[in-house]
$ cat protein-v9.txt   # compact mmCIF, C-alpha atoms
# COMPACT_ATOMS: atom_id res chain seq x y z
CA MET I 18 126.56 45.88 123.21
CA LYS I 19 130.15 46.32 122.02
CA GLU I 20 131.48 43.90 124.64
CA GLU I 21 128.75 41.40 123.75
CA ILE I 22 129.70 41.42 120.05
CA ILE I 23 133.40 41.11 120.81
CA SER I 24 132.66 38.12 123.06
CA ARG I 25 130.67 36.41 120.31
CA VAL I 26 133.39 37.00 117.73
CA ASP I 27 136.01 35.65 120.15
CA LYS I 28 133.99 32.46 120.61
CA LEU I 29 133.77 32.04 116.84
CA LEU I 30 137.50 32.61 116.45
CA ALA I 31 138.20 29.96 119.08
CA SER I 32 135.97 27.44 117.28
CA MET I 33 137.60 28.31 113.96
CA ALA I 34 141.04 27.65 115.41
CA GLU I 35 139.92 24.22 116.64
CA SER I 36 138.72 23.34 113.13
CA SER I 37 141.63 25.00 111.28
CA VAL I 38 139.31 27.45 109.53
CA ASP I 39 141.22 30.55 108.38
CA ALA I 40 138.27 32.87 107.82
CA VAL I 41 134.48 32.86 107.88
CA LEU I 42 132.29 34.56 105.28
CA ILE I 43 128.76 35.45 106.39
CA ALA I 44 126.56 36.71 103.57
CA ASN I 45 123.25 38.40 104.36
CA GLU I 46 121.19 38.95 101.22
CA GLU I 47 117.90 40.69 102.04
CA HIS I 48 117.69 39.23 105.56
CA SER I 49 118.69 35.72 104.45
CA THR I 50 120.52 35.04 107.74
CA LYS I 51 120.46 36.28 111.33
CA ASN I 52 124.12 35.43 111.81
CA LEU I 53 125.33 38.76 110.47
CA ARG I 54 123.32 40.57 113.12
CA TYR I 55 124.47 38.13 115.81
CA PHE I 56 128.18 38.74 115.18
CA SER I 57 128.02 42.45 114.32
CA ASN I 58 124.79 44.01 115.70
CA PHE I 59 124.16 45.36 112.18
CA THR I 60 120.42 45.20 111.39
CA GLY I 61 120.40 46.22 107.72
CA SER I 62 118.96 43.97 105.03
CA THR I 63 122.18 43.33 103.12
CA GLY I 64 125.82 43.01 104.10
CA TYR I 65 128.74 40.63 104.44
CA LEU I 66 131.12 39.74 107.25
CA LEU I 67 134.72 38.63 107.20
CA ILE I 68 135.81 37.06 110.47
CA SER I 69 139.44 35.99 110.78
CA ARG I 70 142.17 36.26 113.38
CA ASP I 71 143.52 39.44 111.76
CA LYS I 72 140.31 40.99 110.35
CA GLN I 73 136.74 41.47 111.53
CA MET I 74 135.00 43.51 108.85
CA ILE I 75 131.55 44.42 107.53
CA PHE I 76 131.01 45.09 103.83
CA THR I 77 127.90 47.02 102.84
CA ASP I 78 126.79 49.77 100.48
CA SER I 79 125.94 53.43 100.98
CA ARG I 80 122.42 52.72 102.22
CA TYR I 81 123.90 51.43 105.45
CA TRP I 82 127.24 53.16 106.03
CA GLU I 83 126.03 55.49 108.77
CA GLN I 84 123.86 52.78 110.31
CA THR I 85 126.80 50.36 110.44
CA LEU I 86 129.03 52.91 112.14
CA ALA I 87 126.33 53.54 114.76
CA GLN I 88 125.52 49.88 115.42
CA SER I 89 128.65 47.79 115.08
CA PRO I 90 132.13 47.76 116.63
CA LEU I 91 133.51 45.89 113.62
CA THR I 92 135.48 47.62 110.87
CA LEU I 93 133.33 49.00 108.04
CA GLU I 94 134.54 48.60 104.46
CA LYS I 95 132.43 50.89 102.26
CA ILE I 96 131.37 49.18 99.03
CA LYS I 97 129.80 51.05 96.13
CA GLU I 98 128.47 47.97 94.33
CA LEU I 99 127.70 44.97 96.50
CA ARG I 100 126.24 42.67 93.88
CA THR I 101 129.48 42.21 91.96
CA ARG I 102 131.16 41.41 95.29
CA PRO I 103 134.63 42.73 94.33
CA PHE I 104 135.66 42.71 97.99
CA VAL I 105 135.66 38.91 98.02
CA ALA I 106 138.68 38.64 95.75
CA ARG I 107 140.43 41.52 97.49
CA PHE I 108 140.00 40.49 101.13
CA PHE I 109 139.62 36.69 101.03
CA GLN I 110 142.30 35.70 98.51
CA ASN I 111 144.96 34.83 101.09
CA TYR I 112 142.82 32.36 103.05
CA LYS I 113 142.95 28.66 102.16
CA ARG I 114 140.12 27.31 104.35
CA ILE I 115 137.05 29.55 104.34
CA GLY I 116 133.98 28.83 106.42
CA PHE I 117 130.53 29.60 105.01
CA GLU I 118 126.86 29.07 105.84
CA ALA I 119 125.89 26.08 103.74
CA LYS I 120 122.26 26.25 104.91
CA ALA I 121 121.81 29.96 104.22
CA LEU I 122 123.83 30.57 101.06
CA THR I 123 122.18 29.72 97.75
CA VAL I 124 124.05 27.65 95.18
CA ASP I 125 124.08 30.65 92.85
CA PHE I 126 125.72 32.93 95.40
CA PHE I 127 128.15 30.24 96.47
CA ASN I 128 129.22 29.64 92.86
CA GLY I 129 129.76 33.37 92.47
CA PHE I 130 131.99 33.54 95.53
CA GLU I 131 133.91 30.43 94.50
CA ALA I 132 134.62 31.85 91.04
CA LEU I 133 136.28 34.93 92.57
CA LEU I 134 138.90 32.98 94.50
CA PRO I 135 141.72 30.57 93.62
CA PRO I 136 140.62 27.00 92.85
CA ASP I 137 142.59 25.53 95.74
CA VAL I 138 140.46 27.33 98.35
CA GLU I 139 138.67 24.82 100.57
CA TRP I 140 135.12 25.79 101.57
CA ILE I 141 134.09 24.54 105.01
CA PRO I 142 130.43 24.55 106.19
CA VAL I 143 130.29 26.21 109.62
CA ASP I 144 126.54 26.17 110.29
CA GLY I 145 126.99 23.75 113.20
CA MET I 146 129.84 25.77 114.65
CA ILE I 147 127.78 28.97 114.62
CA SER I 148 124.64 27.26 115.89
CA GLU I 149 126.53 25.85 118.87
CA ILE I 150 127.65 29.35 119.84
CA ARG I 151 124.18 30.82 119.42
CA CYS I 152 122.54 28.04 121.48
CA SER I 153 123.82 29.46 124.78
CA LYS I 154 122.24 32.81 125.53
CA SER I 155 123.95 35.58 127.47
CA VAL I 156 122.24 37.52 130.25
CA LEU I 157 121.57 40.32 127.77
CA GLU I 158 119.89 37.92 125.35
CA LYS I 159 117.84 36.27 128.10
CA ASN I 160 116.62 39.63 129.34
CA LYS I 161 115.45 40.62 125.87
CA ILE I 162 113.47 37.40 125.60
CA ILE I 163 111.95 38.06 129.04
CA GLU I 164 110.84 41.53 127.92
CA ALA I 165 109.42 40.13 124.68
CA ASN I 166 107.43 37.65 126.78
CA LYS I 167 106.08 40.40 129.04
CA ILE I 168 104.85 42.44 126.08
CA ALA I 169 103.17 39.44 124.46
CA ILE I 170 101.48 38.40 127.73
CA ASP I 171 100.15 41.90 128.44
CA ALA I 172 98.79 42.10 124.90
CA PHE I 173 97.14 38.68 125.29
CA LYS I 174 95.48 39.71 128.56
CA LYS I 175 94.05 42.79 126.87
CA VAL I 176 92.68 40.86 123.89
CA ILE I 177 91.03 38.00 125.78
CA GLY I 178 89.40 40.54 128.07
CA GLU I 179 87.53 41.84 125.04
CA LEU I 180 86.86 38.48 123.34
CA LYS I 181 83.27 37.85 122.24
CA ALA I 182 81.40 35.20 120.32
CA GLY I 183 80.99 36.17 116.67
CA MET I 184 84.45 37.69 116.28
CA THR I 185 86.51 36.07 113.56
CA GLU I 186 89.87 34.47 114.22
CA LYS I 187 91.48 37.06 111.94
CA GLU I 188 89.95 39.93 113.89
CA VAL I 189 91.32 38.54 117.13
CA ALA I 190 94.77 37.88 115.63
CA ILE I 191 94.96 41.43 114.25
CA ALA I 192 93.95 42.84 117.63
CA LEU I 193 96.65 40.79 119.37
CA GLU I 194 99.34 41.85 116.92
CA PHE I 195 98.28 45.50 117.26
CA GLN I 196 98.47 45.33 121.05
CA MET I 197 101.96 43.81 120.94
CA LEU I 198 103.12 46.68 118.72
CA LYS I 199 101.34 49.26 120.88
CA LEU I 200 103.07 47.92 123.98
CA GLY I 201 106.53 48.23 122.43
CA GLY I 202 107.06 45.09 120.36
CA GLU I 203 109.03 45.58 117.15
CA ASP I 204 107.06 43.04 115.14
CA LYS I 205 105.26 39.74 115.59
CA SER I 206 107.62 36.76 115.94
CA PHE I 207 105.68 34.74 113.34
CA GLY I 208 102.22 34.55 111.83
CA THR I 209 99.89 34.70 114.83
CA ILE I 210 97.80 31.55 115.31
CA VAL I 211 94.23 31.92 116.50
CA ALA I 212 92.43 28.63 115.89
CA SER I 213 88.99 27.94 117.37
CA GLY I 214 86.65 24.98 117.57
CA TRP I 215 87.54 22.19 115.15
CA ARG I 216 90.39 24.35 113.81
CA SER I 217 92.13 24.21 117.19
CA ALA I 218 93.11 20.65 116.19
CA LEU I 219 95.34 22.13 113.46
CA PRO I 220 98.75 22.55 115.13
CA HIS I 221 99.62 25.48 112.86
CA GLY I 222 96.12 26.69 112.07
CA ALA I 223 96.65 30.23 110.80
CA ALA I 224 93.85 32.64 111.73
CA SER I 225 90.91 32.39 109.35
CA ASP I 226 87.53 34.01 108.70
CA LYS I 227 85.85 31.44 110.95
CA LYS I 228 83.70 33.02 113.64
CA ILE I 229 84.44 32.02 117.22
CA GLU I 230 81.53 30.35 118.96
CA LYS I 231 80.49 29.67 122.53
CA GLY I 232 81.70 26.39 124.02
CA GLU I 233 84.84 26.26 121.88
CA PHE I 234 88.52 25.98 122.69
CA ILE I 235 90.69 28.67 121.11
CA VAL I 236 94.42 28.07 120.64
CA PHE I 237 96.52 31.23 120.66
CA ASP I 238 100.15 30.86 119.51
CA PHE I 239 101.82 34.26 119.46
CA GLY I 240 104.90 36.31 120.28
CA CYS I 241 106.82 39.44 119.40
CA PHE I 242 110.32 40.71 118.79
CA LEU I 243 112.08 43.09 121.14
CA GLY I 244 115.67 44.13 120.53
CA GLY I 245 115.77 41.50 117.79
CA TYR I 246 114.82 38.66 120.18
CA CYS I 247 111.51 36.85 120.16
CA SER I 248 108.97 35.32 122.48
CA ASP I 249 106.87 32.27 121.58
CA ILE I 250 103.84 31.52 123.75
CA THR I 251 100.80 29.27 123.39
CA ARG I 252 97.68 29.28 125.49
CA THR I 253 94.39 27.45 124.96
CA ILE I 254 91.33 29.15 126.40
CA ALA I 255 87.61 28.38 126.39
CA LEU I 256 84.86 30.76 125.35
CA GLY I 257 82.01 29.68 127.57
CA LYS I 258 81.67 26.36 129.38
CA PRO I 259 83.84 23.55 127.93
CA SER I 260 82.74 19.90 127.90
CA ASP I 261 84.03 17.36 130.40
CA GLU I 262 86.17 15.77 127.67
CA MET I 263 87.70 19.13 126.79
CA LEU I 264 88.56 19.70 130.45
CA GLU I 265 90.09 16.23 130.70
CA VAL I 266 92.31 16.74 127.64
CA TYR I 267 93.35 20.18 128.87
CA ASP I 268 94.41 18.77 132.23
CA ILE I 269 96.52 16.07 130.53
CA VAL I 270 98.34 18.61 128.38
CA LYS I 271 98.86 20.88 131.38
CA LYS I 272 100.31 18.00 133.40
CA ALA I 273 102.64 17.07 130.52
CA GLN I 274 103.78 20.67 130.06
CA ASN I 275 104.32 21.37 133.76
CA SER I 276 106.12 18.07 134.35
CA ALA I 277 108.55 18.48 131.46
CA GLU I 278 109.16 22.11 132.39
CA ARG I 279 109.99 21.27 136.03
CA ALA I 280 112.29 18.40 135.03
CA ALA I 281 114.17 20.15 132.22
CA LYS I 282 117.82 20.86 132.98
CA ALA I 283 120.95 21.68 131.05
CA GLY I 284 122.78 18.46 130.28
CA MET I 285 119.62 16.50 129.55
CA SER I 286 119.07 15.53 125.94
CA GLY I 287 116.22 16.98 123.92
CA LYS I 288 114.89 13.44 123.64
CA ASP I 289 114.88 12.91 127.41
CA ILE I 290 112.82 16.05 128.05
CA ASP I 291 110.45 15.27 125.18
CA THR I 292 109.90 11.77 126.57
CA ILE I 293 108.69 13.11 129.93
CA ALA I 294 105.76 14.93 128.33
CA ARG I 295 105.15 12.31 125.64
CA ASP I 296 104.90 9.46 128.13
CA ILE I 297 102.25 11.30 130.16
CA ILE I 298 100.14 11.92 127.07
CA THR I 299 100.66 8.36 125.80
CA ASP I 300 99.77 6.79 129.13
CA GLU I 301 96.46 8.66 129.02
CA GLY I 302 95.70 7.16 125.60
CA TYR I 303 96.38 10.23 123.44
CA GLY I 304 99.91 9.49 122.19
CA GLU I 305 98.90 9.29 118.53
CA TYR I 306 97.45 12.80 118.76
CA PHE I 307 100.73 14.43 119.80
CA GLY I 308 102.71 14.38 116.58
CA HIS I 309 105.27 17.18 116.85
CA GLY I 310 108.39 17.64 118.98
CA LEU I 311 108.06 19.08 122.46
CA GLY I 312 109.97 22.26 121.73
CA HIS I 313 112.79 24.19 120.08
CA GLY I 314 115.29 26.89 120.76
CA ILE I 315 114.39 30.57 120.35
CA GLY I 316 116.48 33.72 120.13
CA LEU I 317 117.01 35.93 117.12
CA GLU I 318 114.83 33.38 115.33
CA VAL I 319 111.64 31.75 116.53
CA HIS I 320 112.88 28.30 115.52
CA GLU I 321 116.54 27.61 116.15
CA GLU I 322 118.71 25.06 117.88
CA PRO I 323 118.60 23.17 120.17
CA ARG I 324 115.58 20.98 119.45
CA VAL I 325 113.60 19.36 122.24
CA SER I 326 112.42 16.27 120.40
CA GLN I 327 112.89 12.54 119.96
CA ILE I 328 115.51 13.10 117.25
CA ASN I 329 117.86 15.17 119.42
CA THR I 330 119.99 12.90 121.60
CA ASN I 331 122.53 15.65 122.34
CA ALA I 332 122.80 17.32 125.73
CA LEU I 333 121.18 20.75 125.88
CA PRO I 334 123.77 23.39 126.80
CA VAL I 335 123.77 25.74 129.75
CA GLY I 336 122.16 28.98 128.65
CA ALA I 337 119.80 27.49 126.09
CA VAL I 338 116.35 29.06 125.83
CA VAL I 339 113.81 26.52 124.62
CA THR I 340 110.06 26.13 124.38
CA ILE I 341 108.07 23.41 126.15
CA GLU I 342 104.86 22.97 124.16
CA PRO I 343 103.03 19.64 124.24
CA GLY I 344 99.66 19.30 122.57
CA ILE I 345 96.79 16.95 121.85
CA TYR I 346 94.92 17.41 118.57
CA LEU I 347 91.68 15.48 117.97
CA PRO I 348 90.89 15.85 114.23
CA ASN I 349 87.70 17.74 113.36
CA ARG I 350 86.90 18.18 117.06
CA PHE I 351 89.30 20.28 119.14
CA GLY I 352 92.92 20.66 120.17
CA VAL I 353 94.95 21.89 123.15
CA ARG I 354 98.51 23.22 123.32
CA ILE I 355 100.31 25.02 126.15
CA GLU I 356 103.73 26.61 125.66
CA ASN I 357 106.26 28.45 127.80
CA ASP I 358 109.79 29.65 127.11
CA ILE I 359 112.40 28.47 129.63
CA PHE I 360 116.08 29.23 130.31
CA LEU I 361 118.37 26.35 131.20
CA GLY I 362 120.78 27.72 133.78
CA LEU I 363 123.82 26.09 135.34
CA GLU I 364 121.87 24.74 138.31
CA THR I 365 118.28 25.92 137.88
CA THR I 366 115.71 26.31 135.14
CA GLU I 367 113.98 29.68 134.86
CA VAL I 368 110.54 30.03 133.31
CA LEU I 369 110.59 33.17 131.18
CA THR I 370 106.87 33.09 130.34
CA VAL I 371 105.44 34.33 133.63
CA PHE I 372 101.76 33.56 133.15
CA PRO I 373 99.64 30.75 134.64
CA THR I 374 98.90 27.60 132.64
CA ASP I 375 95.50 27.09 134.31
CA LEU I 376 92.58 27.01 131.90
CA ILE I 377 91.09 30.45 131.28
CA ILE I 378 87.34 30.49 130.63
CA VAL I 379 85.92 33.75 129.26

$ encode --input "protein-v9.txt" --output "structure tokens"
Amino acid sequence: MKEEIISRVDKLLASMAESSVDAVLIANEEHSTKNLRYFSNFTGSTGYLLISRDKQMIFTDSRYWEQTLAQSPLTLEKIKELRTRPFVARFFQNYKRIGFEAKALTVDFFNGFEALLPPDVEWIPVDGMISEIRCSKSVLEKNKIIEANKIAIDAFKKVIGELKAGMTEKEVAIALEFQMLKLGGEDKSFGTIVASGWRSALPHGAASDKKIEKGEFIVFDFGCFLGGYCSDITRTIALGKPSDEMLEVYDIVKKAQNSAERAAKAGMSGKDIDTIARDIITDEGYGEYFGHGLGHGIGLEVHEEPRVSQINTNALPVGAVVTIEPGIYLPNRFGVRIENDIFLGLETTEVLTVFPTDLIIV
């Protein structure tokens, strides 16, 4: 992992040089940003990074000194009182252009940092710079996402094998989360979605006390963390025999998902890939019932760049891991979504979610 962290820091330093940024401050307050972990491998809840050509340092308090030494190759500066942030004035005072996370740092914290340094310091948002680096996954990162997918899929297989009418959505979601932990997952990637019947038409229908009934579609949207990296998978299954209309809608979504997945390549824009799936659904008369983007990047976070949607006209980079997840949602009736995670390689696209998209009827 040491070489991986050094490589990431080197990429950041190269981007900083191109933008004439002297130093970057990354502030993690109670898990407010994943960027500290990305550039240091430190997993504690609170700490700060200084990245410059001459210094790569972590500042944290006594709760995490031993943990930092075990996890990170960067230099540890032991701080007794983090909240007063005395290290800012001491270590950052000679830099004139300091990069910071405008999207992660609160106004209150930013004002506190600014007050500790000379008034002529120029603060430069570097969220885009960091996001661009994080978009392209290394082999190590890809492999962690693959393993997180395997755990989630095995857990899903176990749970649907025991699914019965009369179980509540919450009961099923809890069982799925338990299985992911039992099989080695560190935590769920996000609040597990189990939405049945009319609730399957809610794209983010959190599991409820509704009882699952025969003849219903059930949308499962789930995943877990492994080594800090997440999986994000959606499958729609039927409990008992579905109607002809349900089967028709499922086949349309499956065609849209499979077609976009096969066509997706690095260098295509998020909009271009989204359009492939959206046109199939629209041509079948269901365009108004597919309201969200086709997908998003995943990694240390379940939603990160790049986006696979109509608003992203930028080329997706080699090494991006994105979701492909079209859906059709018929209000108060039923919904269908199918989602895989894919890796955009230099010449080929690799599907990381190795599990069929055929309709499962239990």

$ residues_around --input "protein-v9.txt" --residues "I:Gly257" --least-positions-apart "3" --cutoff "6 Å" --atoms "all atoms listed in the file" --output "JSON, numbers by chain"
{"I": [231, 232, 379]}

$ write_last_selection --input "protein-v9.txt" --atoms "C-alpha atoms" --output "CSV table (one decimal), in the frame of the given file"
chain,number,residue,atom,x,y,z
I,231,LYS,CA,80.5,29.7,122.5
I,232,GLY,CA,81.7,26.4,124.0
I,379,VAL,CA,85.9,33.8,129.3

$ atom_distance --input "protein-v9.txt" --atom1 "atom CA of I:Pro220" --atom2 "atom CA of I:Gln274"
15.9 Å

$ atom_distance --input "protein-v9.txt" --atom1 "atom CA of I:Lys199" --atom2 "atom CA of I:Asp226"
23.9 Å

$ residues_around --input "protein-v9.txt" --residues "I:Phe360" --least-positions-apart "6" --cutoff "12 Å" --atoms "all atoms listed in the file" --output "ChimeraX atom specification"
/I:152-156,158-160,162-163,278-279,281-283,313-316,333-341,366-370

$ closest_residue --input "protein-v9.txt" --among "I:Arg252, I:Lys19, I:Lys258, I:Lys120" --to "I:Phe239" --atoms "only C-alpha atoms"
I:Arg252

$ closest_residue --input "protein-v9.txt" --among "I:Phe56, I:Phe207, I:Tyr303, I:Phe372" --to "I:Lys28" --atoms "only C-alpha atoms"
I:Phe56
